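Take a look at the structure below.
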Amino acid sequence: MIEKIIVLDGVDPLTFYGVNNGHLQMIKSLYPKLRIVARDNVMKILGDEEDIARIEEDIETMRKHVLKYNTINDEDIIDIVRGRKTKVDGTAGDALVYSVTGRPIKSRSQNQQKLVDAFEKNDMVFAVGPAGTGKTYLSIALAVRALKEKHARRIILSRPAVEAGEKLGFLPGDMKDKIDPYLQPLYDALEDMVPAAKLQDMMAKHVIQIAPLAFMRGRTLGDAVVILDEAQNTTPQQIRMFLTRMGWNTKMIITGDMTQVDLPRGQKSGLTEALDILDGIDGICIVRLGQKDIVRHKLVTRIVNAYADFDKKQREKEEQAARLRKNNLTRRSDSAVVNEDLDNETFKIKN
């Protein structure tokens with residue numbers, strides 16, 4: 001009889017062992033000749049060498065299953081022990097990653113797939129489009145996949161701390177408490193893809209970092225997937241600073257919605273300038289998403305379309321008003337010239 005120690009690296013023990021150790025009890029029942037003791041992410045197994053070799057291989061397969069799909073059930077455990085493919089393995093398809101509930105996360109439109117392809121082929125990708133097109137969510141899914149597949153050592157997420165048209169005033173707490181409200185959309189996406197205990201551990205070890213844009217100056221971001229969200233709210237100086245933080249073996253995704261700029265009136269968006277300057281540069285791809293790519297509630301599409309029509313009418317009114325002002329100025333100028341000529345003629349007659 002020998003003893004074997006197996007470490008469940010990278011997975012949440014609660015997910016692996018199941019509620020009330022239900023999955024662990026299933027494993028024990030499938031290997032009745034072995035004595036199995038589990039604590040935290042460490043399993044100690046005693047038994048014959050042949051049986052231990054088999055269970056070690058099966059537990060590693062289960063660990064990889066949980067690492068990939070964020071879930072496992074009794075049926076999956078039985079399939080793995082019997083050497084069969086699990087149901088989810090047979091339907092994996094083109095999923096990028098899986099949510100904490102096991103739901104596949106993948107592109108859901110042609111332009112979203114363009115974003116996925118652009119990330120594979122380029123080191124810097126701009127994803128620009130209206131609300132609800134999945135820019136941030138899909139970008140974080142790509143980053144989580146890169147981390148799981150060890151193509152990157154860390155994920156760095158950032159966004160400018162700009163209020164959406166209102167002044168929140170003084171926020172209590174330490175620095176983290178003050179900036180967390182601005183970064184909550186990033187937390188929401190991460191919590192949907194990474195189990196809570198694992199996410200907390202990754203953030204404590206700085207494998208996943210979330211920081212406001214103001215703290216990026218002076219850093220070199222290497223071996224990472226870096227995402228700048230809400231880039232339409234950066235100034236030209238801020239986005240230039242951010243883009244030049246790029247280090248070796250790093251990919252960047254910059255997302256933004258040009259219809260939701262919260263900068264002070266008259267302040268030019270850095271994203272607009274960056275798109276004009278960097279378009280066509282090798283290694284940089286710009287993916288534009290539209291109303292057809294909206295994946296939120298169906299009302300979001302209608303709201304976006306309604307506001308787009310409203311904005312178009314407003315622009316037409318402004319252009320018409322500008323033309324009228326120009327015509328009035330032209331008439332006044334012509335009238336001034338005529339009056340001046342008449343004054344000159346009157347002067348000549350008098351003399």
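Each chain in the structure tokens gets a letter, A, B, ..., in the order shown, and its residues are numbered from 1; ligands are numbered from 1 in order too.
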Near Asp76 in chain A, within 12 Å and counting only C-alpha atoms, which residues show up once chain neighbours fewer than 2 positions away are dropped, as a PyMOL selection string? chain A and resi 16+23+26-27+58-59+61-63+65-66+69+71-74+78-90
If you count only C-alpha atoms, which residues fall within 6 Å of Met43 in chain A, apart from same-chain ones fewer than 3 positions away, as a list in words?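 So the residues in contact are Ile5, Ile6, Val37 and Ala38 of chain A.
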With N, CA, C and O atoms retained, write the just-selected residues as a tab-separated table (two decimals), in the first residue's frame.
chain	number	residue	atom	x	y	z
A	5	ILE	N	-0.14	12.09	-2.83
A	5	ILE	CA	-0.69	13.43	-2.59
A	5	ILE	C	-0.98	14.08	-3.95
A	5	ILE	O	-0.10	14.16	-4.81
A	6	ILE	N	-2.23	14.53	-4.13
A	6	ILE	CA	-2.62	15.20	-5.38
A	6	ILE	C	-3.09	16.61	-5.04
A	6	ILE	O	-3.94	16.80	-4.16
A	37	VAL	N	-8.74	11.09	1.47
A	37	VAL	CA	-8.95	12.18	2.42
A	37	VAL	C	-8.66	13.49	1.69
A	37	VAL	O	-7.61	13.63	1.05
A	38	ALA	N	-9.58	14.44	1.80
A	38	ALA	CA	-9.41	15.73	1.09
A	38	ALA	C	-9.50	16.89	2.07
A	38	ALA	O	-10.35	16.89	2.96
Could you find all residues in range 4-187 of chain A that DSSP calls helix (DSSP H, G or I) from the backbone, and write them as a ChimeraX atom specification? /A:13-17,19-30,49-69,74-81,87-90,110-121,135-148,175-187
List the neighbours of Lys44 in chain A out to 12 Å using only C-alpha atoms; skip same-chain residues closer than 3 positions along the sequence, and give me the result as a ChimeraX atom specification. /A:2-8,34-41,47,52,55-56,59
Would you save the residues from that selection as a compact mmCIF listing (two decimals), in the first residue's frame, using all heavy atoms?
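Wrote selection.txt, looks like this:
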# COMPACT_ATOMS: atom_id res chain seq x y z
N ILE A 2 0.54 2.18 -0.88
CA ILE A 2 1.31 3.42 -0.98
C ILE A 2 0.39 4.63 -0.77
O ILE A 2 -0.83 4.51 -0.79
CB ILE A 2 2.01 3.53 -2.35
CG1 ILE A 2 0.97 3.59 -3.48
CG2 ILE A 2 2.99 2.39 -2.57
CD1 ILE A 2 1.57 3.91 -4.84
N GLU A 3 1.05 5.77 -0.55
CA GLU A 3 0.30 7.01 -0.34
C GLU A 3 0.64 7.99 -1.45
O GLU A 3 1.80 8.12 -1.85
CB GLU A 3 0.65 7.62 1.02
CG GLU A 3 -0.06 8.94 1.29
CD GLU A 3 0.35 9.53 2.63
OE1 GLU A 3 0.14 8.85 3.66
OE2 GLU A 3 0.89 10.67 2.64
N LYS A 4 -0.38 8.70 -1.96
CA LYS A 4 -0.19 9.67 -3.03
C LYS A 4 -0.86 10.98 -2.65
O LYS A 4 -2.02 11.00 -2.19
CB LYS A 4 -0.78 9.14 -4.35
CG LYS A 4 -0.59 10.07 -5.52
CD LYS A 4 0.86 10.13 -5.97
CE LYS A 4 1.06 11.02 -7.17
NZ LYS A 4 2.45 11.07 -7.62
N ILE A 5 -0.14 12.09 -2.83
CA ILE A 5 -0.69 13.43 -2.59
C ILE A 5 -0.98 14.08 -3.95
O ILE A 5 -0.10 14.16 -4.81
CB ILE A 5 0.28 14.31 -1.80
CG1 ILE A 5 0.63 13.66 -0.45
CG2 ILE A 5 -0.30 15.71 -1.61
CD1 ILE A 5 -0.53 13.55 0.50
N ILE A 6 -2.23 14.53 -4.13
CA ILE A 6 -2.62 15.20 -5.38
C ILE A 6 -3.09 16.61 -5.04
O ILE A 6 -3.94 16.80 -4.16
CB ILE A 6 -3.76 14.44 -6.09
CG1 ILE A 6 -3.31 13.02 -6.47
CG2 ILE A 6 -4.23 15.20 -7.33
CD1 ILE A 6 -4.41 12.17 -7.07
N VAL A 7 -2.52 17.59 -5.73
CA VAL A 7 -2.88 19.00 -5.52
C VAL A 7 -3.81 19.45 -6.65
O VAL A 7 -3.48 19.30 -7.83
CB VAL A 7 -1.63 19.90 -5.47
CG1 VAL A 7 -2.04 21.35 -5.27
CG2 VAL A 7 -0.70 19.46 -4.35
N LEU A 8 -4.96 19.97 -6.29
CA LEU A 8 -5.93 20.45 -7.28
C LEU A 8 -5.57 21.89 -7.65
O LEU A 8 -6.18 22.85 -7.17
CB LEU A 8 -7.35 20.36 -6.72
CG LEU A 8 -7.79 18.97 -6.26
CD1 LEU A 8 -9.15 19.05 -5.59
CD2 LEU A 8 -7.82 18.00 -7.44
N LEU A 34 -9.86 2.30 -2.32
CA LEU A 34 -8.92 3.35 -1.93
C LEU A 34 -9.45 4.15 -0.75
O LEU A 34 -10.66 4.32 -0.60
CB LEU A 34 -8.67 4.30 -3.12
CG LEU A 34 -8.01 3.68 -4.37
CD1 LEU A 34 -7.94 4.72 -5.47
CD2 LEU A 34 -6.62 3.15 -4.04
N ARG A 35 -8.51 4.64 0.05
CA ARG A 35 -8.88 5.53 1.14
C ARG A 35 -8.53 6.96 0.69
O ARG A 35 -7.37 7.24 0.41
CB ARG A 35 -8.13 5.17 2.42
CG ARG A 35 -8.56 6.02 3.61
CD ARG A 35 -7.75 5.71 4.83
NE ARG A 35 -8.08 6.64 5.92
CZ ARG A 35 -7.35 6.80 7.01
NH1 ARG A 35 -6.23 6.10 7.16
NH2 ARG A 35 -7.72 7.65 7.93
N ILE A 36 -9.54 7.81 0.65
CA ILE A 36 -9.35 9.17 0.12
C ILE A 36 -9.69 10.19 1.21
O ILE A 36 -10.79 10.16 1.78
CB ILE A 36 -10.24 9.41 -1.11
CG1 ILE A 36 -9.96 8.36 -2.20
CG2 ILE A 36 -10.04 10.81 -1.67
CD1 ILE A 36 -10.93 8.38 -3.36
N VAL A 37 -8.74 11.09 1.47
CA VAL A 37 -8.95 12.18 2.42
C VAL A 37 -8.66 13.49 1.69
O VAL A 37 -7.61 13.63 1.05
CB VAL A 37 -8.02 12.03 3.65
CG1 VAL A 37 -8.24 13.20 4.62
CG2 VAL A 37 -8.28 10.70 4.35
N ALA A 38 -9.58 14.44 1.80
CA ALA A 38 -9.41 15.73 1.09
C ALA A 38 -9.50 16.89 2.07
O ALA A 38 -10.35 16.89 2.96
CB ALA A 38 -10.47 15.87 0.00
N ARG A 39 -8.60 17.84 1.90
CA ARG A 39 -8.64 19.07 2.70
C ARG A 39 -8.16 20.23 1.85
O ARG A 39 -7.07 20.16 1.28
CB ARG A 39 -7.76 18.92 3.95
CG ARG A 39 -7.76 20.18 4.82
CD ARG A 39 -7.09 19.93 6.15
NE ARG A 39 -7.87 19.00 6.97
CZ ARG A 39 -7.48 18.58 8.17
NH1 ARG A 39 -6.34 19.01 8.68
NH2 ARG A 39 -8.23 17.75 8.86
N ASP A 40 -8.97 21.26 1.74
CA ASP A 40 -8.68 22.38 0.86
C ASP A 40 -8.46 21.86 -0.56
O ASP A 40 -9.30 21.13 -1.07
CB ASP A 40 -7.49 23.19 1.36
CG ASP A 40 -7.81 23.90 2.68
OD1 ASP A 40 -8.99 24.23 2.88
OD2 ASP A 40 -6.90 24.09 3.49
N ASN A 41 -7.34 22.19 -1.19
CA ASN A 41 -7.09 21.73 -2.57
C ASN A 41 -6.11 20.56 -2.62
O ASN A 41 -5.48 20.32 -3.64
CB ASN A 41 -6.58 22.89 -3.43
CG ASN A 41 -5.20 23.37 -3.00
OD1 ASN A 41 -4.83 23.22 -1.83
ND2 ASN A 41 -4.45 23.92 -3.93
N GLY A 47 -3.62 3.31 -1.12
CA GLY A 47 -4.12 2.11 -1.79
C GLY A 47 -3.06 1.45 -2.63
O GLY A 47 -1.86 1.78 -2.55
N ILE A 52 -4.15 3.57 -7.58
CA ILE A 52 -3.76 4.97 -7.40
C ILE A 52 -3.37 5.59 -8.74
O ILE A 52 -3.68 6.76 -9.02
CB ILE A 52 -2.61 5.08 -6.37
CG1 ILE A 52 -3.18 4.88 -4.97
CG2 ILE A 52 -1.90 6.43 -6.49
CD1 ILE A 52 -2.18 5.01 -3.86
N ILE A 55 -6.75 6.44 -10.49
CA ILE A 55 -7.47 7.57 -9.92
C ILE A 55 -6.71 8.87 -10.13
O ILE A 55 -7.31 9.94 -10.32
CB ILE A 55 -7.78 7.35 -8.42
CG1 ILE A 55 -8.86 8.36 -7.98
CG2 ILE A 55 -6.53 7.48 -7.55
CD1 ILE A 55 -9.37 8.14 -6.57
N GLU A 56 -5.38 8.81 -10.12
CA GLU A 56 -4.59 10.03 -10.36
C GLU A 56 -4.87 10.58 -11.75
O GLU A 56 -5.03 11.79 -11.94
CB GLU A 56 -3.11 9.71 -10.20
CG GLU A 56 -2.21 10.93 -10.31
CD GLU A 56 -0.75 10.61 -10.10
OE1 GLU A 56 -0.38 9.42 -10.09
OE2 GLU A 56 0.04 11.56 -9.98
N ILE A 59 -8.55 11.98 -11.74
CA ILE A 59 -8.68 13.25 -11.01
C ILE A 59 -8.07 14.39 -11.81
O ILE A 59 -8.60 15.51 -11.82
CB ILE A 59 -8.05 13.12 -9.61
CG1 ILE A 59 -8.95 12.27 -8.72
CG2 ILE A 59 -7.83 14.50 -8.99
CD1 ILE A 59 -8.40 12.00 -7.34
From the list A:Ser158, A:Gly22, A:Lys198, A:Ser109, which residue is nearest Thr133 in chain A when using only C-alpha atoms?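 For Thr133 in chain A, the nearest of the candidates is A:Ser109.
Nearest to Met203 in chain A of all the residues A:Ala231, A:Val100, A:Leu243, A:Ile156 is A:Ile156, counting only C-alpha atoms.
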Straight-line distance linking CA of Leu96 in chain A with CA of Asp229 in chain A, stated in Å to one decimal: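 Taking CA of Leu96 in chain A and CA of Asp229 in chain A, their separation equals 19.6 Å.
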Between CA of Ala152 in chain A and CA of Val225 in chain A, what is the distance, to one decimal in Å?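 Taking CA of Ala152 in chain A and CA of Val225 in chain A, their separation equals 6.5 Å.
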Quick one: of A:Val300, A:Leu14, A:Val287, A:Val144, who's nearest to Tyr98 in chain A, counting only C-alpha atoms?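 Of the candidates, the smallest distance to Tyr98 in chain A is held by A:Val144.
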Restricting the calculation to only C-alpha atoms, which member of A:Ala321, A:Val97, A:Val261, A:Ile45 is positioned closest to Glu149 in chain A? A:Val97
Pairwise distance for CA of Ala306 in chain A and CA of Pro130 in chain A, rounded to one decimal in Å: 12.4 Å
Nearest to Ala161 in chain A: which of A:Gln314, A:Thr220, A:Gln232, A:Asn327 is it, counting only C-alpha atoms?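 Checking each of A:Gln314, A:Thr220, A:Gln232, A:Asn327 against Ala161 in chain A, counting only C-alpha atoms, the winner is A:Gln232.
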Give me, as number ranges by chain, all polymer residues having an atom no more than 10 Å from Gln291 in chain A, counting only C-alpha atoms and skipping those fewer than 4 positions away in the same chain. A: 129-133, 295, 300-302, 304-305, 308
Those residues with C-alpha atoms, as a PDB file, in the first residue's frame please?
ATOM      1  CA  GLY A 129     -19.909  50.331 -30.900  1.00  0.00           C
ATOM      2  CA  PRO A 130     -23.129  51.216 -29.058  1.00  0.00           C
ATOM      3  CA  ALA A 131     -24.236  49.924 -25.665  1.00  0.00           C
ATOM      4  CA  GLY A 132     -25.065  46.239 -25.380  1.00  0.00           C
ATOM      5  CA  THR A 133     -22.883  44.951 -28.225  1.00  0.00           C
ATOM      6  CA  VAL A 295     -27.146  41.143 -27.246  1.00  0.00           C
ATOM      7  CA  VAL A 300     -31.964  48.114 -25.888  1.00  0.00           C
ATOM      8  CA  THR A 301     -31.839  47.783 -29.677  1.00  0.00           C
ATOM      9  CA  ARG A 302     -34.988  49.889 -30.029  1.00  0.00           C
ATOM     10  CA  VAL A 304     -30.300  52.731 -29.438  1.00  0.00           C
ATOM     11  CA  ASN A 305     -32.078  53.075 -32.798  1.00  0.00           C
ATOM     12  CA  ALA A 308     -29.627  57.374 -33.309  1.00  0.00           C
TER      13      ALA A 308
END
Neighbour list for range 249-255 of chain A as number ranges by chain, cut-off 9 Å, only C-alpha atoms, skip fewer than 2 positions in-chain: A: 119, 122-129, 135-136, 139, 151-152, 221-232, 243, 246-247, 257, 271
